[in-house]
Structures are given as C-alpha cells and as structure tokens.
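Have a look at start_19.cif below; it lists mmCIF, C-alpha atoms and all ligand atoms.
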```
data_my_file
loop_
_atom_site.label_atom_id
_atom_site.label_comp_id
_atom_site.auth_asym_id
_atom_site.auth_seq_id
_atom_site.Cartn_x
_atom_site.Cartn_y
_atom_site.Cartn_z
CA MET B 1 -14.38 -1.72 -73.00
CA VAL B 2 -16.98 -1.68 -70.21
CA MET B 3 -15.80 -1.87 -66.62
CA LEU B 4 -16.89 -5.18 -65.15
CA ILE B 5 -16.62 -7.26 -62.06
CA LEU B 6 -16.23 -11.02 -62.21
CA ARG B 7 -17.98 -12.35 -59.15
CA GLY B 8 -16.96 -15.82 -58.09
CA HIS B 9 -17.35 -18.26 -55.23
CA SER B 10 -13.79 -17.26 -54.35
CA VAL B 11 -10.55 -15.91 -55.80
CA TRP B 12 -7.13 -17.53 -55.69
CA LEU B 13 -4.70 -14.67 -56.20
CA GLY B 14 -1.48 -16.69 -56.26
CA GLY B 15 0.69 -17.93 -53.39
CA ALA B 16 -1.22 -18.69 -50.20
CA ALA B 17 -3.77 -15.95 -50.76
CA ALA B 18 -7.42 -16.81 -51.43
CA VAL B 19 -10.52 -14.76 -50.75
CA GLY B 20 -14.02 -16.12 -50.19
CA ARG B 21 -17.01 -14.43 -51.84
CA GLY B 22 -14.42 -12.78 -54.00
CA GLY B 23 -14.29 -10.96 -57.24
CA VAL B 24 -12.01 -9.23 -59.71
CA ALA B 25 -12.74 -5.80 -61.18
CA VAL B 26 -11.50 -5.27 -64.71
CA ASP B 27 -11.24 -2.24 -66.95
CA GLY B 28 -9.24 -1.41 -70.05
CA GLY B 29 -7.79 -4.92 -70.12
CA ARG B 30 -6.28 -4.57 -66.64
CA ILE B 31 -7.13 -5.60 -63.11
CA LEU B 32 -8.55 -2.66 -61.17
CA GLY B 33 -9.26 -4.46 -57.93
CA VAL B 34 -9.26 -7.88 -56.32
CA GLY B 35 -10.97 -8.85 -53.08
CA GLU B 36 -14.35 -9.42 -51.52
CA TYR B 37 -17.14 -8.83 -53.97
CA SER B 38 -19.06 -6.51 -51.66
CA ASP B 39 -16.01 -4.21 -51.34
CA LEU B 40 -15.47 -4.17 -55.08
CA LEU B 41 -19.09 -3.32 -55.72
CA GLY B 42 -18.82 -0.37 -53.34
CA GLU B 43 -15.63 0.86 -54.93
CA PHE B 44 -16.62 0.36 -58.57
CA SER B 45 -20.33 1.01 -58.54
CA GLY B 46 -21.82 0.98 -62.01
CA ALA B 47 -19.59 -1.85 -63.23
CA ALA B 48 -21.31 -4.65 -65.12
CA VAL B 49 -21.25 -7.92 -63.17
CA VAL B 50 -20.45 -11.35 -64.57
CA ASP B 51 -21.80 -13.85 -62.06
CA LEU B 52 -19.89 -17.10 -61.59
CA PRO B 53 -21.15 -18.18 -58.16
CA ASP B 54 -19.86 -21.76 -58.40
CA CYS B 55 -16.40 -20.83 -59.65
CA VAL B 56 -13.03 -19.95 -58.23
CA LEU B 57 -11.29 -17.19 -60.15
CA LEU B 58 -7.58 -17.70 -60.69
CA PRO B 59 -4.78 -16.28 -62.81
CA GLY B 60 -4.79 -17.48 -66.42
CA LEU B 61 -2.80 -20.68 -66.87
CA VAL B 62 0.49 -20.63 -68.76
CA ASN B 63 1.57 -23.41 -71.11
CA GLY B 64 5.32 -22.90 -71.22
CA HIS B 65 6.11 -25.47 -73.88
CA THR B 66 4.02 -26.66 -76.78
CA HIS B 67 4.04 -27.25 -80.53
CA LEU B 68 0.52 -26.35 -81.59
CA GLU B 69 1.25 -27.12 -85.25
CA LEU B 70 1.35 -30.85 -84.37
CA SER B 71 -2.15 -30.78 -82.90
CA ASP B 72 -3.70 -32.86 -85.66
CA LEU B 73 -1.37 -35.76 -84.82
CA GLY B 74 -3.06 -36.53 -81.51
CA GLY B 75 -3.09 -40.25 -80.71
CA ARG B 76 -1.81 -41.26 -84.13
CA VAL B 77 1.72 -42.40 -83.32
CA PRO B 78 2.16 -44.63 -80.28
CA PHE B 79 5.60 -44.68 -78.68
CA GLU B 80 7.27 -48.07 -78.88
CA GLY B 81 10.56 -47.36 -77.17
CA ASP B 82 12.72 -45.79 -79.90
CA PHE B 83 12.50 -41.99 -79.94
CA THR B 84 14.05 -41.63 -83.42
CA GLU B 85 11.47 -44.07 -84.85
CA TRP B 86 8.74 -42.01 -83.25
CA VAL B 87 10.12 -38.70 -84.54
CA GLY B 88 10.50 -40.26 -88.01
CA ARG B 89 6.85 -41.38 -88.01
CA ILE B 90 5.69 -37.93 -86.90
CA VAL B 91 7.63 -36.29 -89.74
CA GLU B 92 6.21 -38.82 -92.28
CA LEU B 93 2.68 -38.38 -91.05
CA ARG B 94 3.06 -34.62 -91.20
CA THR B 95 3.83 -34.96 -94.91
CA GLU B 96 1.06 -37.51 -95.56
CA LEU B 97 -1.61 -35.44 -93.89
CA GLY B 98 -0.83 -32.33 -95.87
CA ASP B 99 -0.99 -28.98 -94.31
CA ASP B 100 -3.86 -27.02 -92.92
CA ILE B 101 -1.79 -24.82 -90.66
CA ALA B 102 -4.54 -22.21 -90.25
CA GLY B 103 -7.12 -24.81 -89.21
CA THR B 104 -4.71 -26.64 -86.92
CA ILE B 105 -3.41 -23.58 -85.07
CA GLY B 106 -6.89 -22.03 -84.83
CA ALA B 107 -8.37 -25.19 -83.29
CA ALA B 108 -5.38 -25.62 -80.96
CA CYS B 109 -5.75 -22.05 -79.67
CA GLU B 110 -9.47 -22.63 -79.04
CA ALA B 111 -8.74 -25.88 -77.20
CA SER B 112 -6.08 -24.15 -75.10
CA LEU B 113 -8.46 -21.36 -74.09
CA ALA B 114 -11.14 -23.93 -73.22
CA GLY B 115 -8.56 -25.56 -70.92
CA GLY B 116 -7.95 -22.30 -69.08
CA VAL B 117 -4.66 -21.58 -70.82
CA THR B 118 -4.32 -17.85 -71.47
CA THR B 119 -0.67 -17.86 -72.56
CA VAL B 120 1.32 -20.31 -74.67
CA GLY B 121 5.00 -20.59 -75.43
CA ASP B 122 4.64 -22.14 -78.88
CA ILE B 123 7.47 -23.48 -81.02
CA SER B 124 6.98 -23.64 -84.74
CA HIS B 125 9.16 -25.14 -87.44
CA GLU B 126 10.00 -22.50 -90.03
CA ASN B 127 7.91 -20.14 -87.93
CA ARG B 128 4.78 -21.12 -89.83
CA ALA B 129 2.47 -20.76 -86.85
CA ARG B 130 3.21 -17.13 -86.09
CA ALA B 131 0.78 -15.52 -88.54
CA GLU B 132 -2.02 -17.84 -87.40
CA LEU B 133 -1.23 -17.35 -83.72
CA ALA B 134 -1.52 -13.61 -84.26
CA LYS B 135 -5.19 -14.05 -85.19
CA SER B 136 -6.09 -15.71 -81.88
CA GLY B 137 -7.10 -13.91 -78.70
CA ILE B 138 -4.66 -16.05 -76.73
CA ARG B 139 -1.47 -14.47 -75.35
CA LYS B 140 1.61 -16.06 -76.87
CA VAL B 141 5.33 -16.19 -77.35
CA ALA B 142 5.85 -17.41 -80.92
CA PHE B 143 9.20 -19.20 -80.98
CA ALA B 144 10.74 -19.83 -84.39
CA GLU B 145 12.62 -23.12 -84.44
CA LEU B 146 16.24 -23.30 -85.59
CA ILE B 147 17.72 -26.67 -86.48
CA GLY B 148 20.94 -27.83 -88.12
CA LEU B 149 23.98 -29.84 -87.08
CA ARG B 150 25.96 -29.70 -90.29
CA GLU B 151 28.83 -27.32 -90.69
CA ASP B 152 27.17 -25.63 -93.67
CA VAL B 153 24.16 -24.37 -91.75
CA VAL B 154 23.73 -21.11 -93.59
CA GLY B 155 20.02 -21.49 -94.35
CA PRO B 156 18.89 -21.35 -90.73
CA LEU B 157 20.98 -18.22 -90.16
CA ASP B 158 19.29 -16.38 -93.03
CA TYR B 159 15.99 -17.54 -91.68
CA LEU B 160 16.90 -16.37 -88.18
CA ALA B 161 17.65 -12.88 -89.46
CA GLN B 162 14.29 -12.89 -91.20
CA CYS B 163 12.43 -14.08 -88.09
CA VAL B 164 13.86 -11.33 -85.98
CA TRP B 165 13.53 -8.69 -88.67
CA GLU B 166 9.89 -9.57 -89.12
CA ARG B 167 9.23 -9.41 -85.42
CA SER B 168 5.81 -8.13 -84.65
CA ASP B 169 5.47 -7.85 -80.91
CA ASP B 170 2.14 -6.43 -79.89
CA GLY B 171 0.04 -6.55 -76.75
CA LEU B 172 -0.66 -10.27 -76.97
CA MET B 173 2.31 -11.59 -78.94
CA ARG B 174 6.03 -11.62 -78.37
CA VAL B 175 8.52 -13.39 -80.57
CA GLY B 176 11.29 -15.78 -79.68
CA VAL B 177 13.80 -18.15 -81.18
CA SER B 178 14.27 -21.82 -80.33
CA PRO B 179 17.48 -23.60 -81.29
CA HIS B 180 15.91 -27.07 -81.26
CA ALA B 181 18.28 -29.18 -79.11
CA PRO B 182 22.00 -29.85 -78.65
CA TYR B 183 21.75 -33.13 -80.61
CA SER B 184 20.17 -31.43 -83.64
CA THR B 185 21.50 -27.89 -83.60
CA ASN B 186 25.12 -26.83 -83.56
CA ARG B 187 26.86 -24.26 -81.44
CA LYS B 188 26.97 -21.72 -84.26
CA LEU B 189 23.16 -21.59 -84.35
CA TYR B 190 22.88 -21.40 -80.56
CA GLU B 191 25.30 -18.48 -80.55
CA ALA B 192 23.46 -16.71 -83.35
CA ALA B 193 20.16 -17.14 -81.52
CA ALA B 194 21.64 -15.77 -78.29
CA GLU B 195 22.69 -12.61 -80.15
CA CYS B 196 19.05 -11.83 -80.94
CA ASP B 197 17.15 -9.59 -78.59
CA VAL B 198 14.20 -11.98 -78.31
CA LEU B 199 13.07 -14.69 -75.88
CA LEU B 200 14.97 -17.97 -76.09
CA THR B 201 14.04 -21.58 -75.52
CA THR B 202 15.54 -24.97 -76.33
CA HIS B 203 14.91 -28.65 -75.65
CA LEU B 204 17.47 -30.01 -73.21
CA ALA B 205 18.29 -33.33 -71.54
CA GLU B 206 15.07 -34.87 -72.83
CA THR B 207 16.22 -38.45 -73.49
CA VAL B 208 18.96 -40.89 -72.57
CA ALA B 209 19.76 -41.08 -76.30
CA GLU B 210 20.60 -37.37 -76.30
CA ALA B 211 23.06 -37.86 -73.44
CA ASP B 212 24.68 -40.86 -75.21
CA PHE B 213 25.11 -38.91 -78.42
CA LEU B 214 26.65 -35.86 -76.80
CA ARG B 215 28.93 -37.84 -74.52
CA ASP B 216 30.59 -40.13 -77.06
CA GLY B 217 28.56 -40.19 -80.27
CA SER B 218 26.87 -43.48 -79.41
CA GLY B 219 23.20 -44.44 -79.35
CA ILE B 220 20.40 -44.09 -81.86
CA TRP B 221 20.80 -40.48 -83.04
CA PRO B 222 23.74 -40.63 -85.50
CA ALA B 223 22.04 -43.24 -87.73
CA TYR B 224 18.81 -41.27 -87.78
CA LEU B 225 20.56 -37.96 -88.54
CA LYS B 226 22.47 -39.63 -91.39
CA ARG B 227 19.26 -41.10 -92.77
CA ILE B 228 17.56 -37.70 -92.95
CA GLY B 229 20.63 -35.94 -94.34
CA ARG B 230 21.35 -33.81 -91.28
CA TRP B 231 24.72 -35.38 -90.48
CA ASP B 232 28.06 -34.56 -92.06
CA GLY B 233 30.28 -35.76 -89.21
CA SER B 234 31.34 -32.22 -88.30
CA PHE B 235 29.76 -32.40 -84.86
CA GLU B 236 32.22 -33.86 -82.38
CA PRO B 237 30.97 -35.57 -79.21
CA VAL B 238 31.51 -33.21 -76.30
CA GLY B 239 32.16 -35.75 -73.55
CA VAL B 240 29.82 -34.20 -71.01
CA SER B 241 26.12 -34.23 -70.13
CA PRO B 242 23.65 -32.17 -72.21
CA ILE B 243 23.25 -29.69 -69.35
CA ARG B 244 27.00 -29.19 -68.87
CA TYR B 245 27.44 -28.82 -72.63
CA PHE B 246 24.65 -26.26 -72.84
CA LEU B 247 25.90 -24.24 -69.85
CA GLY B 248 29.43 -24.40 -71.22
CA MET B 249 28.39 -22.58 -74.40
CA GLU B 250 27.90 -19.39 -72.34
CA LEU B 251 25.69 -17.85 -75.05
CA SER B 252 26.22 -14.22 -74.10
CA GLY B 253 24.91 -14.87 -70.60
CA ARG B 254 21.37 -15.10 -71.94
CA ASP B 255 18.62 -16.89 -70.02
CA PHE B 256 16.81 -19.73 -71.79
CA LEU B 257 13.62 -21.60 -71.07
CA LEU B 258 14.82 -25.22 -71.02
CA ALA B 259 12.19 -27.71 -72.12
CA HIS B 260 12.01 -31.09 -70.35
CA VAL B 261 15.32 -31.54 -68.46
CA ASN B 262 14.20 -35.09 -67.74
CA TYR B 263 17.75 -36.25 -67.03
CA ALA B 264 19.94 -34.27 -64.65
CA ASP B 265 22.53 -35.50 -62.16
CA ASP B 266 23.48 -33.71 -58.94
CA GLU B 267 26.24 -31.73 -60.59
CA ASP B 268 23.92 -30.69 -63.43
CA LEU B 269 21.40 -29.40 -60.91
CA ALA B 270 24.01 -27.54 -58.88
CA LEU B 271 25.26 -25.83 -62.04
CA LEU B 272 21.74 -24.95 -63.20
CA ALA B 273 20.84 -23.50 -59.82
CA GLY B 274 23.43 -20.78 -60.13
CA ARG B 275 21.97 -19.48 -63.37
CA GLY B 276 18.84 -17.68 -64.52
CA HIS B 277 17.41 -20.37 -66.80
CA SER B 278 13.89 -21.71 -66.30
CA VAL B 279 12.71 -25.28 -66.86
CA ALA B 280 9.49 -26.30 -68.63
CA TYR B 281 8.50 -29.67 -67.20
CA CYS B 282 5.94 -31.55 -69.33
CA PRO B 283 4.57 -34.21 -66.93
CA ARG B 284 2.15 -36.09 -69.19
CA SER B 285 4.46 -36.00 -72.20
CA ALA B 286 7.32 -37.31 -70.03
CA ASP B 287 4.98 -40.08 -68.90
CA PHE B 288 4.05 -40.90 -72.52
CA PHE B 289 7.74 -41.45 -73.33
CA GLY B 290 8.46 -43.33 -70.11
CA HIS B 291 10.70 -40.68 -68.52
CA ARG B 292 10.33 -41.14 -64.78
CA ASN B 293 11.41 -39.37 -61.63
CA HIS B 294 11.76 -35.84 -62.92
CA ARG B 295 13.68 -33.81 -60.33
CA PHE B 296 11.43 -30.74 -60.45
CA ARG B 297 10.89 -30.70 -56.67
CA GLU B 298 14.63 -30.50 -56.05
CA MET B 299 14.92 -27.86 -58.76
CA LEU B 300 12.24 -25.75 -57.08
CA ALA B 301 13.95 -26.18 -53.70
CA MET B 302 17.21 -24.98 -55.27
CA GLY B 303 15.52 -21.85 -56.60
CA ILE B 304 15.23 -22.95 -60.23
CA ASN B 305 12.06 -21.62 -61.83
CA VAL B 306 10.06 -24.64 -63.06
CA CYS B 307 6.90 -24.14 -65.09
CA LEU B 308 4.59 -26.57 -66.87
CA GLY B 309 4.13 -27.44 -70.52
CA THR B 310 1.88 -29.83 -72.39
CA ASP B 311 4.35 -30.44 -75.23
CA SER B 312 2.36 -31.31 -78.37
CA LEU B 313 -0.77 -33.39 -78.78
CA ALA B 314 1.39 -36.00 -80.51
CA SER B 315 2.53 -37.02 -77.00
CA ASN B 316 -0.35 -35.83 -74.84
CA ASP B 317 -4.14 -36.01 -74.49
CA SER B 318 -4.93 -32.33 -74.19
CA LEU B 319 -3.52 -28.83 -74.32
CA SER B 320 -4.91 -28.09 -70.86
CA ILE B 321 -2.58 -26.98 -68.08
CA LEU B 322 -5.43 -27.67 -65.66
CA ASP B 323 -5.22 -31.32 -66.76
CA GLU B 324 -1.43 -31.16 -66.39
CA MET B 325 -1.69 -29.81 -62.83
CA ARG B 326 -4.27 -32.45 -61.87
CA PHE B 327 -2.04 -35.19 -63.28
CA LEU B 328 0.84 -33.88 -61.16
CA ARG B 329 -1.38 -33.76 -58.08
CA ARG B 330 -2.34 -37.41 -58.52
CA ARG B 331 1.27 -38.42 -59.14
CA TYR B 332 2.64 -36.39 -56.19
CA PRO B 333 -0.15 -36.22 -53.58
CA GLN B 334 2.27 -34.85 -50.96
CA LEU B 335 3.07 -31.80 -53.04
CA GLU B 336 1.32 -28.63 -51.87
CA ALA B 337 -1.50 -27.49 -54.10
CA GLU B 338 -0.11 -23.95 -54.10
CA THR B 339 3.21 -25.21 -55.48
CA ILE B 340 1.51 -26.93 -58.41
CA LEU B 341 -0.70 -23.91 -59.06
CA ALA B 342 2.37 -21.65 -59.04
CA MET B 343 4.03 -23.89 -61.64
CA GLY B 344 0.97 -23.48 -63.88
CA THR B 345 0.73 -19.70 -63.43
CA ILE B 346 3.44 -17.36 -62.11
CA ASN B 347 6.36 -19.69 -62.87
CA GLY B 348 5.18 -19.92 -66.48
CA ALA B 349 4.88 -16.15 -66.62
CA ARG B 350 8.47 -15.81 -65.36
CA ALA B 351 9.72 -18.43 -67.79
CA LEU B 352 8.25 -16.48 -70.70
CA GLY B 353 9.55 -13.14 -69.43
CA TRP B 354 6.06 -11.86 -68.75
CA ALA B 355 5.73 -11.91 -64.94
CA ASP B 356 5.30 -8.15 -64.73
CA GLU B 357 2.02 -8.50 -66.63
CA ILE B 358 0.56 -11.93 -65.92
CA GLY B 359 0.76 -14.98 -63.64
CA SER B 360 -1.06 -13.62 -60.58
CA LEU B 361 -4.16 -11.55 -59.88
CA ALA B 362 -2.88 -8.18 -58.76
CA VAL B 363 -3.99 -4.62 -59.36
CA GLY B 364 -2.40 -3.21 -62.50
CA LYS B 365 -1.63 -6.56 -64.09
CA ALA B 366 -3.26 -7.68 -67.33
CA ALA B 367 -6.70 -9.21 -66.80
CA ASP B 368 -5.87 -12.81 -67.74
CA ILE B 369 -8.33 -14.74 -65.60
CA VAL B 370 -9.83 -18.22 -65.53
CA ALA B 371 -12.97 -19.38 -63.74
CA VAL B 372 -12.96 -23.05 -62.69
CA ALA B 373 -16.02 -24.69 -61.09
CA VAL B 374 -15.57 -25.71 -57.43
CA SER B 375 -16.74 -29.16 -56.35
CA ASP B 376 -18.83 -27.81 -53.48
CA ARG B 377 -19.99 -24.26 -52.92
CA GLY B 378 -19.77 -24.86 -49.16
CA ILE B 379 -15.95 -25.03 -49.07
CA GLY B 380 -13.96 -22.22 -47.51
CA ALA B 381 -11.41 -20.07 -49.31
CA GLU B 382 -8.53 -21.91 -47.62
CA ASP B 383 -9.63 -25.16 -49.31
CA VAL B 384 -9.87 -23.66 -52.76
CA PRO B 385 -6.31 -24.40 -54.02
CA ALA B 386 -6.68 -28.12 -53.22
CA ASP B 387 -10.19 -28.20 -54.64
CA ILE B 388 -9.02 -26.82 -58.01
CA LEU B 389 -6.65 -29.79 -58.31
CA ASP B 390 -8.57 -32.56 -56.56
CA GLY B 391 -11.97 -31.72 -58.02
CA ASP B 392 -12.99 -32.20 -61.61
CA GLY B 393 -14.60 -28.78 -62.11
CA GLN B 394 -14.42 -27.53 -65.65
CA VAL B 395 -13.34 -24.16 -67.00
CA LYS B 396 -16.38 -21.89 -67.22
CA LEU B 397 -14.76 -18.72 -68.45
CA THR B 398 -11.41 -17.63 -69.83
CA MET B 399 -10.42 -13.99 -70.14
CA VAL B 400 -7.30 -12.62 -71.82
CA GLY B 401 -6.40 -8.96 -71.50
CA GLY B 402 -9.92 -8.14 -70.28
CA THR B 403 -11.69 -9.88 -73.17
CA VAL B 404 -13.80 -12.99 -72.58
CA VAL B 405 -12.40 -15.48 -75.07
CA TYR B 406 -14.14 -18.64 -73.86
CA ARG B 407 -17.39 -19.44 -72.04
CA GLY B 408 -18.15 -22.97 -70.89
CA ASP B 409 -21.64 -24.39 -70.48
CA GLY B 410 -23.80 -23.09 -67.66
ZN ZN B 501 9.02 -29.83 -77.53
#
```
Kindly return the structure encoded in the file as structure tokens.
Amino acid sequence: MVMLILRGHSVWLGGAAAVGRGGVAVDGGRILGVGEYSDLLGEFSGAAVVDLPDCVLLPGLVNGHTHLELSDLGGRVPFEGDFTEWVGRIVELRTELGDDIAGTIGAACEASLAGGVTTVGDISHENRARAELAKSGIRKVAFAELIGLREDVVGPLDYLAQCVWERSDDGLMRVGVSPHAPYSTNRKLYEAAAECDVLLTTHLAETVAEADFLRDGSGIWPAYLKRIGRWDGSFEPVGVSPIRYFLGMELSGRDFLLAHVNYADDEDLALLAGRGHSVAYCPRSADFFGHRNHRFREMLAMGINVCLGTDSLASNDSLSILDEMRFLRRRYPQLEAETILAMGTINGARALGWADEIGSLAVGKAADIVAVAVSDRGIGAEDVPADILDGDGQVKLTMVGGTVVYRGDG
C-alpha cells in the first residue's frame, strides 16, 4: 500500500478539534499523521496526495443498528399503526420476493459506503448475511439473530453454538449474537448468548406493545405470536418494564448494545446509567413508527453511550448516517453539532467495541475516513462541524482501513 496524504479543506478529528487546510497521512491501513497539510507534506515527503480541496475529512461514520438483508423492502410496507401487522407484512413480502441475499447485501454495503458509513452493526436472521458481508470492504460486526419464546427452544441453541464455532473475525469483521427482543426471545436464549465471548446486541423498549406484553401479557403481541406458532404459553408476564426486565436478567454482567430504547421512564434511565450498556437510537426509523420524544439527550447527560442506527430500509429512506445526523440536527436545532457528530462516530465505535481502532482521527488508529463537501470553501475550521450537518454536501470519498472504497462525482 502506497503512503498517501488526503488533503482537504479541513479535518474534523472528533470532539471540538478541527484543523483548517488540513490533511490525514495514511500508510499500511493506519493513520500516520493528522494536522495542517503543509506540516504533513514536510513530514511525509514522497507520499502520494489525494486532493479534496472542497471537503472536510472526518472519521468514518458508524451505523450501530441495521438489518441490511431487508434492504430490498424499502418503501414497500407503509406503517398503519399496528406493529404486528407491519412485521407480518414484512415477513410475507420476504417470502414472496424470494431471496437474493448476495445481491441485497452487496448493494446495501455499497449504499452504506456511499453514505459515508465505514462500519455497520448488522443483524441477520439465521446469520445469512455474514458470508456476503465478508466480501465487502466495509467494516462490520455481523450479529447472528436468536429468536424463540417457547420452552422448547433447542434449535436456536444449536444454531448459536454453530455461529460462535464458525466465527471468523478478521481485520474488518467481528462476529456477534443478537437475542432479538424480550417479547420474542426467552431468558434461556439471552443467558446462552451472554455466555458467548462475542459482541452482544438486542432490541429493547422499542414499542408500547412490548411494554404491555411484558408487564401483564396484554396488547397485540400474544395473538400475533400464537398465529405464527411462536407461543406456547410458557412465557409468564414479568410485571415490570422491558428495561427493568432486561437489567434484572444479569446476563453474566455482559454489556449489550440496546437498539431503540424508545420508551424509558426515569427509573429505567437511572438503572441504565449505572451500567455499561450502549444505546443505538434510530431517529428516522423511530419517526417512521411514530415514536416521539426519545430521551437520548438525558441519556447522554447521564453518561450512557448513545450511538446512531438507520435500522433497515423497510422503515427508513437510506442507509446513510450522514442523513441520520442531518435529520437529528433539523429536529433538535439546539443540540451541538459536535454532539451529533460524536453519536455518528466515536459513540458508535464504543457501542461496537471498536473504539481503540476507529471513531476518531488519531495517529495509530485505522484509516477509516470520509470526505464530505463543505457548502463554502471560505468557512473557517471552527464552523466545519455545523456545516457538515447544516449543509447538503455529499460524500466524495470513503476509505476503510486505508483503502478507498467509494469515490463520489467530482
Ligand atoms: Zn432492528
């Protein structure tokens, strides 16, 4: 690999740090230097230069929660107020459409890279996506989904053993396990997952229906679970909120990445704050389903690590975390740009257990870098974080581990 310097209009390193006329020197897949371009050129003379004079360079964006295998369902199933109806339609459509998993995952990875996403936390039913994900230049945690509420859930346990046994961590891929959610997956499966030495994620406190079901067995879930044969009555309502139920399982003290957490009361938040779990907030997907007033700002203030996810294209318009951050900026104009950018970068890296390698531009870290066009070359470095979110500049280049994996026009 040839040593090179990406030369941008500016560099946003993470936090409050931005450098005008900046660049990033890269060699062997790692960041050799970050700072003013003229200094880098002096230090690394002979490096090839990639000129991006109208772009800010920033750490690769992290999509903490997605289901890439549903990417061909984009816009096909509108939400009409009943989550079980919607899930049922998605499952039906999945069957009707047949299965081109290779084409779907390949296209979804390309779309992610074009949106500046360098790392995905992807959940796949029966782990079908993993082999296809491995072929892409994107960095990924491939989570195998575990699901089963019946007492006789032996199948998923065999499958779990196989998932972990077949683990194939390499430079760009790590494996994980995802017990689906407390309303679909029993404690036995959660405990088995927590015993595995892999990354862990689960859906939690996503809907009001989930809370109803766990509290007293009411709401729309039991009928749906019966209809699809996943209900044998062995699961007893637990009488508490999804978050209190989840935290009460203990699960060997393992940290999970909790997807959504759309519904949390004060006690839930206080309990979460004392633990090491992260939250993947999916702003546009939450909006699609009508979940309002996510408490991510309070979570951040309490020290809970909150990252961003797109969820799947079945409930979102794109797989771009840049789009997700811009949506959040419009929805919460008072929120500091740096906070939103952190959610899309370093917080995602932490949530996926990868913060030592990615999430900020620092010497020695992996060279996962995105170049986004600035709205005006005349702006100063201090205005760059806001410009990334308030402007509509597109991604011009995406680099993962020192390899250019996407080039935009111009
Ligand atoms: Zn999900």
Using all atoms listed in the file, tabulate the residues of chain B lying at most 8 Å from any atom of ligand ZN 501 (chain B), each with its closest atom pair and that distance in Å to one decimal, by chain and increasing residue number, as a Markdown table.
```
| residue | atom | partner | partner_atom | distance |
| --- | --- | --- | --- | --- |
| B:His65 | CA | B:ZN501 | ZN | 6.4 |
| B:Thr66 | CA | B:ZN501 | ZN | 6.0 |
| B:His67 | CA | B:ZN501 | ZN | 6.4 |
| B:Ile123 | CA | B:ZN501 | ZN | 7.4 |
| B:His203 | CA | B:ZN501 | ZN | 6.3 |
| B:Ala259 | CA | B:ZN501 | ZN | 6.6 |
| B:His260 | CA | B:ZN501 | ZN | 7.9 |
| B:Asp311 | CA | B:ZN501 | ZN | 5.2 |
| B:Ser312 | CA | B:ZN501 | ZN | 6.9 |
```
**Request:** Quick one: pull the distance between CA of Asp232 (chain B) and CA of Gly148 (chain B), Å, one decimal.
**Result:** 10.6 Å
**Prompt:** For the atom pair CA of Val49 (chain B) and CA of Thr118 (chain B), what is the interatomic distance in Å to one decimal place?
**Reply:** 21.3 Å
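Taking all atoms listed in the file into account, Ala25 (chain B) lies nearest to B:Ala48 out of the set B:Leu214, B:Ala314, B:Ala48, B:Ala142.
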**Request:** For Asp383 (chain B), work out the shell of residues within 12 Å, counting only C-alpha atoms and skipping chain neighbours fewer than 2 positions away, then give it as a PyMOL selection string.
**Result:** chain B and resi 9-12+16-20+56+336-338+374-381+385-391
